[in-house]
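Here is data-v3.tsv, consisting of TSV, C-alpha atoms and all ligand atoms:
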```
chain	number	residue	atom	x	y	z
A	1	MET	CA	78.76	103.17	74.53
A	2	LYS	CA	78.71	101.34	71.21
A	3	SER	CA	82.06	99.66	71.79
A	4	ILE	CA	81.13	98.67	75.36
A	5	PHE	CA	77.95	97.06	74.05
A	6	LYS	CA	79.95	95.09	71.47
A	7	LEU	CA	82.36	93.90	74.13
A	8	PHE	CA	79.47	92.71	76.25
A	9	LEU	CA	78.05	90.71	73.34
A	10	LEU	CA	81.43	89.19	72.72
A	11	LEU	CA	81.89	88.14	76.33
A	12	PHE	CA	78.31	87.15	77.02
A	13	PRO	CA	78.41	83.72	75.32
A	14	LEU	CA	81.70	82.95	77.07
A	15	ILE	CA	80.26	83.87	80.44
A	16	SER	CA	76.98	82.04	80.10
A	17	PHE	CA	78.27	78.83	78.55
A	18	ALA	CA	81.67	78.52	80.23
A	19	ALA	CA	82.03	75.25	82.17
A	20	PRO	CA	81.17	75.63	85.86
A	21	ILE	CA	84.02	75.65	88.35
A	22	ASN	CA	84.23	72.41	90.30
A	23	VAL	CA	85.23	72.30	93.93
A	24	GLU	CA	87.45	69.20	94.01
A	25	SER	CA	88.36	69.07	97.68
A	26	ILE	CA	88.08	71.00	100.93
A	27	LYS	CA	90.66	70.41	103.64
A	28	LEU	CA	91.17	71.80	107.11
A	29	THR	CA	94.59	71.86	108.80
A	30	SER	CA	94.39	72.93	112.41
A	31	SER	CA	97.20	71.07	114.20
A	32	THR	CA	99.32	74.23	113.98
A	33	LEU	CA	98.35	77.87	113.84
A	34	PRO	CA	97.01	79.39	111.71
A	35	THR	CA	93.99	77.19	111.05
A	36	ARG	CA	94.21	76.66	107.29
A	37	LEU	CA	91.33	75.90	104.95
A	38	THR	CA	92.42	74.71	101.48
A	39	ILE	CA	89.79	74.63	98.75
A	40	THR	CA	91.02	73.00	95.54
A	41	LEU	CA	89.21	74.04	92.36
A	42	ASN	CA	89.59	72.74	88.80
A	43	GLN	CA	90.25	76.25	87.44
A	44	PRO	CA	90.70	79.84	88.72
A	45	ALA	CA	87.61	81.46	90.17
A	46	VAL	CA	86.34	84.87	91.16
A	47	TYR	CA	85.75	84.82	94.91
A	48	ARG	CA	84.87	87.08	97.83
A	49	VAL	CA	85.62	86.50	101.51
A	50	PHE	CA	84.04	88.42	104.37
A	51	LEU	CA	83.21	88.18	108.07
A	52	LEU	CA	79.79	88.43	109.71
A	53	ASP	CA	79.15	88.62	113.45
A	54	HIS	CA	76.35	87.77	115.93
A	55	PRO	CA	77.13	84.92	115.57
A	56	ASP	CA	80.68	85.00	114.14
A	57	ARG	CA	80.79	83.58	110.63
A	58	LEU	CA	83.20	83.68	107.72
A	59	VAL	CA	81.68	83.57	104.26
A	60	ILE	CA	83.35	82.54	101.00
A	61	ASP	CA	81.41	83.26	97.80
A	62	LEU	CA	82.69	81.50	94.68
A	63	ASP	CA	81.29	82.72	91.38
A	64	ARG	CA	80.10	80.05	88.91
A	65	ALA	CA	81.23	77.28	91.26
A	66	VAL	CA	79.45	74.02	92.04
A	67	LEU	CA	80.02	71.57	94.84
A	68	HIS	CA	79.43	67.93	93.89
A	69	ILE	CA	81.57	66.42	96.65
A	70	ALA	CA	80.07	65.67	100.05
A	71	ILE	CA	80.29	68.52	102.55
A	72	PRO	CA	83.20	67.59	104.81
A	73	HIS	CA	82.71	67.71	108.56
A	74	LEU	CA	85.04	70.55	109.54
A	75	ALA	CA	85.45	71.55	113.16
A	76	ASP	CA	88.29	72.53	115.46
A	77	GLU	CA	89.02	75.07	118.19
A	78	THR	CA	88.20	77.94	115.82
A	79	ILE	CA	85.55	76.47	113.52
A	80	LYS	CA	82.27	75.19	114.94
A	81	SER	CA	80.76	73.90	111.71
A	82	PHE	CA	80.88	74.20	107.96
A	83	ARG	CA	77.94	74.43	105.58
A	84	LYS	CA	77.10	75.41	102.05
A	85	GLY	CA	74.41	77.60	100.63
A	86	GLN	CA	73.49	78.98	97.24
A	87	PHE	CA	73.70	82.77	97.50
A	88	ASP	CA	72.17	83.13	94.05
A	89	PRO	CA	71.93	80.71	91.08
A	90	ASP	CA	75.50	81.56	90.02
A	91	THR	CA	77.24	81.83	93.38
A	92	LEU	CA	78.27	78.99	95.65
A	93	ARG	CA	78.40	80.19	99.24
A	94	LEU	CA	80.50	78.36	101.84
A	95	VAL	CA	79.97	79.37	105.47
A	96	LEU	CA	82.27	78.70	108.43
A	97	ASP	CA	80.46	79.07	111.75
A	98	LEU	CA	83.14	80.29	114.15
A	99	ARG	CA	83.67	79.66	117.83
A	100	LYS	CA	85.51	82.99	118.24
A	101	PRO	CA	86.29	86.13	116.24
A	102	VAL	CA	89.13	85.71	113.73
A	103	ARG	CA	91.26	87.66	111.31
A	104	TYR	CA	92.07	86.00	108.02
A	105	ASN	CA	94.51	86.02	105.13
A	106	GLN	CA	93.57	84.59	101.78
A	107	TYR	CA	95.40	83.88	98.56
A	108	PHE	CA	95.06	81.79	95.42
A	109	LYS	CA	97.78	79.47	94.10
A	110	PRO	CA	97.35	79.74	90.32
A	111	LYS	CA	99.36	76.59	89.49
A	112	THR	CA	97.40	74.20	91.70
A	113	HIS	CA	94.12	76.19	91.71
A	114	GLU	CA	94.19	76.11	95.48
A	115	PHE	CA	92.36	78.78	97.40
A	116	ILE	CA	94.04	79.12	100.80
A	117	LEU	CA	92.41	80.75	103.79
A	118	ASP	CA	94.38	81.18	107.02
A	119	LEU	CA	92.43	82.00	110.18
A	120	TYR	CA	94.00	83.73	113.17
A	121	PRO	CA	92.43	84.38	116.56
A	122	VAL	CA	92.04	88.12	117.00
A	123	THR	CA	95.00	88.97	119.23
A	124	ALA	CA	98.59	87.80	119.42
A	125	ALA	CA	97.94	87.00	123.07
A	126	VAL	CA	95.20	84.60	122.01
A	127	ILE	CA	97.49	83.05	119.37
A	128	LYS	CA	100.09	82.41	122.05
A	129	LYS	CA	97.52	80.87	124.39
A	130	GLU	CA	96.07	78.61	121.71
A	131	LYS	CA	99.50	77.39	120.65
A	132	THR	CA	100.47	76.58	124.20
A	133	LYS	CA	97.22	74.70	124.60
A	134	ILE	CA	97.78	72.60	121.48
A	135	ILE	CA	101.50	71.87	121.69
A	136	LYS	CA	102.37	71.48	125.36
A	137	PRO	CA	100.37	68.34	126.25
A	138	ILE	CA	101.82	66.48	123.20
A	139	VAL	CA	105.40	67.38	124.11
A	140	ALA	CA	104.80	66.53	127.78
A	141	LYS	CA	103.68	62.99	126.86
A	142	LYS	CA	106.67	62.26	124.67
A	143	ILE	CA	109.48	63.73	126.77
A	144	LYS	CA	109.91	62.62	130.36
A	145	LYS	CA	112.86	64.86	131.22
A	146	PRO	CA	112.24	68.57	131.89
A	147	LYS	CA	111.62	70.42	128.68
A	148	PRO	CA	114.38	72.91	127.81
A	149	ARG	CA	113.14	76.47	127.84
A	150	GLU	CA	111.83	77.63	124.50
A	151	ILE	CA	113.43	80.60	122.81
A	152	ASN	CA	110.62	83.03	122.15
A	153	VAL	CA	110.88	85.16	119.04
A	154	VAL	CA	108.34	87.94	118.72
A	155	ILE	CA	107.86	88.92	115.07
A	156	ASP	CA	106.43	92.30	114.33
A	157	ALA	CA	104.90	92.91	110.90
A	158	GLY	CA	105.13	96.68	110.44
A	159	HIS	CA	102.07	98.92	110.08
A	160	GLY	CA	98.61	97.33	109.47
A	161	GLY	CA	94.98	98.37	109.07
A	162	LYS	CA	94.60	102.10	108.47
A	163	ASP	CA	98.40	102.46	108.46
A	164	THR	CA	99.47	101.01	105.09
A	165	GLY	CA	103.16	101.95	105.39
A	166	ALA	CA	104.96	102.47	102.07
A	167	ILE	CA	103.03	102.04	98.82
A	168	GLY	CA	104.91	100.50	95.89
A	169	ALA	CA	105.17	101.80	92.33
A	170	HIS	CA	102.66	99.09	91.29
A	171	GLY	CA	100.50	99.62	94.37
A	172	SER	CA	101.87	96.92	96.73
A	173	LEU	CA	101.36	97.79	100.37
A	174	GLU	CA	104.17	97.56	102.90
A	175	LYS	CA	101.75	96.28	105.58
A	176	SER	CA	100.80	93.26	103.40
A	177	VAL	CA	104.32	92.33	102.27
A	178	ALA	CA	105.62	92.68	105.84
A	179	LEU	CA	102.83	90.47	107.22
A	180	SER	CA	103.41	87.78	104.61
A	181	ILE	CA	107.15	87.58	105.37
A	182	ALA	CA	106.45	87.70	109.12
A	183	GLU	CA	104.11	84.71	108.75
A	184	HIS	CA	106.66	82.72	106.71
A	185	LEU	CA	109.26	83.49	109.38
A	186	ALA	CA	106.89	82.44	112.19
A	187	ASN	CA	106.15	79.15	110.43
A	188	ARG	CA	109.85	78.46	109.94
A	189	ILE	CA	110.64	79.20	113.60
A	190	ASN	CA	107.76	77.05	114.83
A	191	HIS	CA	109.26	74.06	112.99
A	192	GLU	CA	112.14	74.18	115.49
A	193	LYS	CA	111.53	72.11	118.59
A	194	ASN	CA	112.82	74.63	121.13
A	195	MET	CA	111.82	77.84	119.42
A	196	HIS	CA	108.49	79.56	119.44
A	197	ALA	CA	107.25	82.49	117.37
A	198	VAL	CA	104.51	84.97	118.23
A	199	LEU	CA	103.23	87.65	115.85
A	200	THR	CA	102.40	91.13	117.15
A	201	ARG	CA	99.61	91.14	114.57
A	202	GLY	CA	98.13	88.14	112.77
A	203	GLY	CA	96.09	90.04	110.20
A	204	ASP	CA	95.44	93.39	108.62
A	205	TYR	CA	94.70	95.54	111.62
A	206	PHE	CA	96.38	98.44	113.36
A	207	VAL	CA	98.52	97.85	116.46
A	208	PRO	CA	100.06	100.95	118.11
A	209	LEU	CA	103.87	100.81	118.40
A	210	ARG	CA	103.80	100.86	122.21
A	211	ASP	CA	101.45	97.84	122.22
A	212	ARG	CA	103.96	95.93	120.08
A	213	LEU	CA	106.62	96.55	122.75
A	214	PHE	CA	104.14	95.54	125.44
A	215	LEU	CA	103.34	92.28	123.58
A	216	ALA	CA	107.05	91.46	123.31
A	217	ARG	CA	107.41	91.89	127.07
A	218	LYS	CA	104.22	89.98	127.86
A	219	ASP	CA	105.27	87.07	125.63
A	220	LYS	CA	108.71	87.03	127.30
A	221	ALA	CA	110.50	87.61	124.02
A	222	ASP	CA	114.15	86.60	123.83
A	223	ILE	CA	114.44	88.18	120.41
A	224	PHE	CA	112.32	90.81	118.67
A	225	ILE	CA	112.29	91.13	114.86
A	226	SER	CA	110.36	93.90	113.15
A	227	ILE	CA	109.70	93.50	109.41
A	228	HIS	CA	109.26	96.55	107.19
A	229	ALA	CA	109.69	97.50	103.53
A	230	ASP	CA	111.40	100.67	102.42
A	231	SER	CA	110.53	103.43	100.01
A	232	TYR	CA	112.58	106.26	98.58
A	233	THR	CA	111.22	109.22	96.68
A	234	GLY	CA	114.50	111.04	95.99
A	235	ALA	CA	116.71	110.78	92.91
A	236	GLY	CA	118.16	107.40	91.90
A	237	ASP	CA	116.81	103.89	92.21
A	238	ALA	CA	117.40	102.78	95.79
A	239	ARG	CA	117.14	99.03	96.36
A	240	GLY	CA	118.22	96.28	98.74
A	241	VAL	CA	117.89	95.11	102.30
A	242	SER	CA	118.82	97.12	105.42
A	243	VAL	CA	119.01	95.94	109.03
A	244	PHE	CA	118.67	98.33	111.96
A	245	ALA	CA	119.42	98.14	115.66
A	246	LEU	CA	118.57	100.84	118.19
A	247	SER	CA	121.00	103.73	118.40
A	248	ALA	CA	122.16	104.81	121.85
A	249	SER	CA	122.28	108.48	121.06
A	250	GLY	CA	120.13	109.09	118.05
A	251	ALA	CA	120.56	108.06	114.46
A	252	SER	CA	124.00	107.06	113.22
A	253	SER	CA	123.40	108.82	109.94
A	254	GLU	CA	121.06	111.46	108.61
A	255	ALA	CA	119.41	108.88	106.33
A	256	ALA	CA	118.77	106.62	109.29
A	257	HIS	CA	117.34	109.57	111.18
A	258	LEU	CA	114.89	110.41	108.40
A	259	LEU	CA	113.84	106.79	108.18
A	260	ALA	CA	113.32	106.66	111.93
A	261	ASP	CA	110.93	109.60	111.67
A	262	LYS	CA	108.97	107.81	108.98
A	263	GLU	CA	108.69	104.48	110.83
A	264	ASN	CA	107.84	106.18	114.14
A	265	SER	CA	105.20	108.43	112.69
A	266	SER	CA	102.29	106.08	113.35
A	267	VAL	CA	102.68	106.28	117.14
A	268	LEU	CA	100.23	109.10	117.53
A	269	GLY	CA	98.43	109.01	114.23
A	270	GLY	CA	101.18	110.75	112.28
A	271	VAL	CA	102.53	113.11	114.95
A	272	GLN	CA	106.29	113.39	114.47
A	273	LEU	CA	108.09	112.36	117.62
A	274	THR	CA	111.67	113.28	116.73
A	275	HIS	CA	111.78	116.13	119.22
A	276	LEU	CA	110.88	113.73	122.01
A	277	TYR	CA	114.24	112.01	121.70
A	278	ASP	CA	116.06	115.31	122.20
A	279	GLN	CA	113.94	116.83	124.93
A	280	SER	CA	112.71	114.09	127.23
A	281	GLN	CA	115.12	113.52	130.10
A	282	MET	CA	113.34	110.30	130.96
A	283	LEU	CA	113.78	108.81	127.50
A	284	ARG	CA	117.35	110.04	127.42
A	285	SER	CA	118.11	108.28	130.68
A	286	VAL	CA	116.54	105.09	129.34
A	287	LEU	CA	118.70	105.33	126.24
A	288	ILE	CA	121.94	105.66	128.19
A	289	ASP	CA	121.03	102.94	130.63
A	290	LEU	CA	123.81	100.37	130.88
A	291	ALA	CA	121.46	97.43	130.49
A	292	GLN	CA	120.25	98.90	127.27
A	293	THR	CA	123.80	99.43	126.06
A	294	ALA	CA	124.44	95.69	126.50
A	295	THR	CA	121.18	94.94	124.71
A	296	ILE	CA	122.13	97.25	121.86
A	297	ASN	CA	125.45	95.40	121.49
A	298	ASN	CA	123.54	92.11	121.30
A	299	SER	CA	121.07	93.66	118.85
A	300	VAL	CA	123.95	94.69	116.58
A	301	ARG	CA	125.37	91.13	116.78
A	302	LEU	CA	121.94	89.72	115.95
A	303	GLY	CA	121.64	92.28	113.13
A	304	ASN	CA	125.02	91.24	111.69
A	305	ASN	CA	123.99	87.57	111.65
A	306	VAL	CA	120.68	88.43	109.96
A	307	LEU	CA	122.41	90.72	107.45
A	308	ASP	CA	125.02	88.05	106.57
A	309	ALA	CA	122.28	85.48	105.97
A	310	LEU	CA	120.20	87.92	103.91
A	311	HIS	CA	123.27	88.75	101.79
A	312	ARG	CA	123.14	85.17	100.45
A	313	VAL	CA	119.66	85.68	98.97
A	314	ALA	CA	119.26	89.42	98.43
A	315	GLN	CA	121.11	92.56	97.49
A	316	LEU	CA	122.02	94.73	100.48
A	317	HIS	CA	121.26	98.44	100.67
A	318	ASP	CA	123.91	98.87	103.36
A	319	ILE	CA	126.54	96.27	104.25
A	320	ARG	CA	126.59	97.37	107.91
A	321	VAL	CA	123.91	97.16	110.57
A	322	GLU	CA	122.58	100.70	110.82
A	323	GLN	CA	121.40	102.25	114.05
A	324	ALA	CA	118.34	104.45	114.46
A	325	PRO	CA	115.92	105.40	117.26
A	326	PHE	CA	113.01	103.22	116.13
A	327	MET	CA	110.33	103.03	118.80
A	328	VAL	CA	109.77	99.26	118.40
A	329	LEU	CA	113.46	98.55	119.12
A	330	LYS	CA	113.40	100.25	122.52
A	331	SER	CA	112.87	97.24	124.82
A	332	PRO	CA	115.78	97.74	127.23
A	333	ASP	CA	116.50	94.01	127.68
A	334	ILE	CA	115.35	92.28	124.46
A	335	PRO	CA	117.79	92.13	121.52
A	336	SER	CA	115.76	93.74	118.75
A	337	VAL	CA	116.31	94.42	115.07
A	338	LEU	CA	114.25	96.00	112.33
A	339	VAL	CA	114.66	94.53	108.85
A	340	GLU	CA	113.77	96.68	105.84
A	341	ILE	CA	113.33	93.84	103.34
A	342	GLY	CA	113.78	96.01	100.23
A	343	PHE	CA	112.42	99.08	98.44
A	344	LEU	CA	108.80	98.98	97.30
A	345	SER	CA	109.51	102.27	95.50
A	346	ASN	CA	111.83	100.34	93.16
A	347	PRO	CA	109.50	98.76	90.55
A	348	SER	CA	111.65	95.67	89.90
A	349	GLU	CA	112.29	95.04	93.59
A	350	GLU	CA	108.57	95.51	94.27
A	351	ILE	CA	107.80	92.64	91.85
A	352	GLN	CA	110.33	90.45	93.70
A	353	LEU	CA	108.90	91.40	97.10
A	354	ASP	CA	105.40	90.43	95.94
A	355	ASN	CA	106.62	86.96	94.95
A	356	VAL	CA	105.84	84.32	97.56
A	357	HIS	CA	109.01	82.33	96.75
A	358	TYR	CA	111.20	85.40	97.30
A	359	GLN	CA	109.28	86.19	100.50
A	360	THR	CA	109.99	82.64	101.72
A	361	ARG	CA	113.69	82.96	100.84
A	362	LEU	CA	113.92	86.22	102.80
A	363	ALA	CA	112.08	84.67	105.77
A	364	ASN	CA	114.36	81.60	105.73
A	365	ALA	CA	117.43	83.86	105.60
A	366	ILE	CA	116.21	85.92	108.57
A	367	PHE	CA	115.63	82.63	110.40
A	368	ALA	CA	119.18	81.47	109.56
A	369	GLY	CA	120.55	84.72	111.00
A	370	ILE	CA	118.53	84.35	114.21
A	371	TYR	CA	119.63	80.72	114.52
A	372	GLU	CA	123.29	81.65	114.08
A	373	TYR	CA	122.95	84.36	116.74
A	374	ILE	CA	121.37	81.90	119.21
A	375	LYS	CA	124.03	79.28	118.47
A	376	LYS	CA	126.81	81.76	119.21
A	377	SER	CA	125.05	83.12	122.32
A	378	THR	CA	124.35	79.81	124.04
A	379	THR	CA	126.33	76.64	124.65
A	380	THR	CA	123.40	74.53	123.44
A	381	SER	CA	121.86	75.08	120.04
A	382	PRO	CA	118.09	75.61	119.86
A	383	THR	CA	117.32	72.17	118.39
B	401	ZN	ZN	107.58	100.59	107.66
```
Can the structure in the file be given as structure tokens, please?
Ligand SMILES: [Zn+2]
Amino acid sequence: MKSIFKLFLLLFPLISFAAPINVESIKLTSSTLPTRLTITLNQPAVYRVFLLDHPDRLVIDLDRAVLHIAIPHLADETIKSFRKGQFDPDTLRLVLDLRKPVRYNQYFKPKTHEFILDLYPVTAAVIKKEKTKIIKPIVAKKIKKPKPREINVVIDAGHGGKDTGAIGAHGSLEKSVALSIAEHLANRINHEKNMHAVLTRGGDYFVPLRDRLFLARKDKADIFISIHADSYTGAGDARGVSVFALSASGASSEAAHLLADKENSSVLGGVQLTHLYDQSQMLRSVLIDLAQTATINNSVRLGNNVLDALHRVAQLHDIRVEQAPFMVLKSPDIPSVLVEIGFLSNPSEEIQLDNVHYQTRLANAIFAGIYEYIKKSTTTSPT
């Protein structure tokens, strides 16, 4: 008790007389999804973000912050209005009144003291609709000739919500790392004129595996990429990237089989589904379907392109595309791969995977692999 009291006395003057945190600018970018709010501060701050409903609002509380700049007029398809309040004498409260429910991602850039808040409409279907609404009229005005068909890439960030996926040695969650890389990849793809990315989840919430397949079909996916991170609890320090395509007759190796069990286990809240692959005649017939065989061949080609590109920026766990019966890869006519972007169980790789620059490099490499695959598959390149 005595030492805690001393510590308090030591910190107290620092806390009470430290210079207040200034909000230097507030910017809204909503021409592309997600809607991004950037709040620039003059120093790091302690903050809290949370949602309220009836009506939908998003609240940002910044400790010890003051706002001397004029309140900007912020409004778009997601945000109705923006206002400030003083939650208590020491807390600046910023409130976004929303037009619709959102999910959000937030992070702080320590170098520039920028607090970034990305807002996503609740479902991937809504994201798709909004994007179409924003982009299509602009393109239609500029280009008179018929617009070439867009190549739709559905990106699936593994796990989410109650299903955290693997947990790293330092506590990183697979669901968060996977979502971050999926978002970088979606942004990169959406920079291409004739490509379009849709996320199966745009925030930290649970989406059943079958719904992810359904979304891919509904969004007319040409390519499906599932992003996961690995973990290994056995002896040795496993590390590196693996790429998987669907196997026609079960896992190509025992390791792949075990991994398939792990990644499939969220289908029915942890019920193991391995036996289903052996016993269900219907699933077996789907697996041996000729159309699916052709799709699997394309998936392996796609996987090889992605693996080659990833090899330029990351160590590989396996130099070949592995094959396993992952549920999310089972669309019979959509080339699909699952990328395990590294081992969170490996402490040094976990640090890398948490780094936004490394995440961007991985996302750009996956994009390069997809691009190469499209280039080889079509006579016209996607741009
Ligand atoms: Zn996973």
What are the closest atom pairs, with distances in Å to one decimal, for each residue of chain A lying within 6 Å of ligand ZN 401 (chain B), using only C-alpha atoms and all ligand atoms, rows by chain and rising residue number, as JSON lines?
```
{"residue": "A:Gly158", "atom": "CA", "partner": "B:ZN401", "partner_atom": "ZN", "distance": 5.4}
{"residue": "A:Gly165", "atom": "CA", "partner": "B:ZN401", "partner_atom": "ZN", "distance": 5.2}
{"residue": "A:His228", "atom": "CA", "partner": "B:ZN401", "partner_atom": "ZN", "distance": 4.4}
{"residue": "A:Ala229", "atom": "CA", "partner": "B:ZN401", "partner_atom": "ZN", "distance": 5.6}
{"residue": "A:Glu263", "atom": "CA", "partner": "B:ZN401", "partner_atom": "ZN", "distance": 5.1}
```
Please check which residues have atoms at most 8 Å from (113.9, 92.2, 96.7) in the file's coordinates, counting all atoms listed in the file, and write them as a ChimeraX atom specification.
/A:239-241,314-315,341-343,348-353,358
Write a file of the just-selected residues containing C-alpha atoms, as a PDB file, in the coordinates of the input.
```pdb
ATOM      1  CA  ARG A 239     117.140  99.030  96.360  1.00  0.00           C
ATOM      2  CA  GLY A 240     118.220  96.280  98.740  1.00  0.00           C
ATOM      3  CA  VAL A 241     117.890  95.110 102.300  1.00  0.00           C
ATOM      4  CA  ALA A 314     119.260  89.420  98.430  1.00  0.00           C
ATOM      5  CA  GLN A 315     121.110  92.560  97.490  1.00  0.00           C
ATOM      6  CA  ILE A 341     113.330  93.840 103.340  1.00  0.00           C
ATOM      7  CA  GLY A 342     113.780  96.010 100.230  1.00  0.00           C
ATOM      8  CA  PHE A 343     112.420  99.080  98.440  1.00  0.00           C
ATOM      9  CA  SER A 348     111.650  95.670  89.900  1.00  0.00           C
ATOM     10  CA  GLU A 349     112.290  95.040  93.590  1.00  0.00           C
ATOM     11  CA  GLU A 350     108.570  95.510  94.270  1.00  0.00           C
ATOM     12  CA  ILE A 351     107.800  92.640  91.850  1.00  0.00           C
ATOM     13  CA  GLN A 352     110.330  90.450  93.700  1.00  0.00           C
ATOM     14  CA  LEU A 353     108.900  91.400  97.100  1.00  0.00           C
ATOM     15  CA  TYR A 358     111.200  85.400  97.300  1.00  0.00           C
TER      16      TYR A 358
END
```
So, with only C-alpha atoms as the atoms that count, which of A:Asn355, A:Asn105, A:Ser377, A:Asn364 lies closest to Ser299 in chain A?
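Closest candidate: A:Ser377.
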Which residue gives the smallest distance to Met195 in chain A among A:Ser336, A:Thr29, A:Asn22, A:Asn152, with all atoms listed in the file counted?
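Answer, going by the shortest atom-to-atom distance: A:Asn152.
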Using all atoms listed in the file, can you list as a PyMOL selection string the residues within 9 Å of (94.2, 75.7, 112.3)?
chain A and resi 28-37+76-79+118-120
Contacts of Ala182 in chain A at 7 Å (only C-alpha atoms; same-chain gap of 5+ positions) as a list of chain:residue names
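Residues near the query, excluding close chain neighbours: A:Ile155, A:Asp156, A:Ala157, A:Ile227.
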Determine, counting all atoms listed in the file, which protein, DNA and RNA residues have an atom within 8 Å of an atom of Met327 in chain A; residues of the same chain fewer than 2 positions away are not included. Present the result as a VMD selection string.
chain A and resid 209 to 210 264 325 329 to 330
Create the file for the chosen residues now, containing C-alpha atoms and written as a tab-separated table (two decimals), in the frame of the given file.
```
chain	number	residue	atom	x	y	z
A	209	LEU	CA	103.87	100.81	118.40
A	210	ARG	CA	103.80	100.86	122.21
A	264	ASN	CA	107.84	106.18	114.14
A	325	PRO	CA	115.92	105.40	117.26
A	329	LEU	CA	113.46	98.55	119.12
A	330	LYS	CA	113.40	100.25	122.52
```
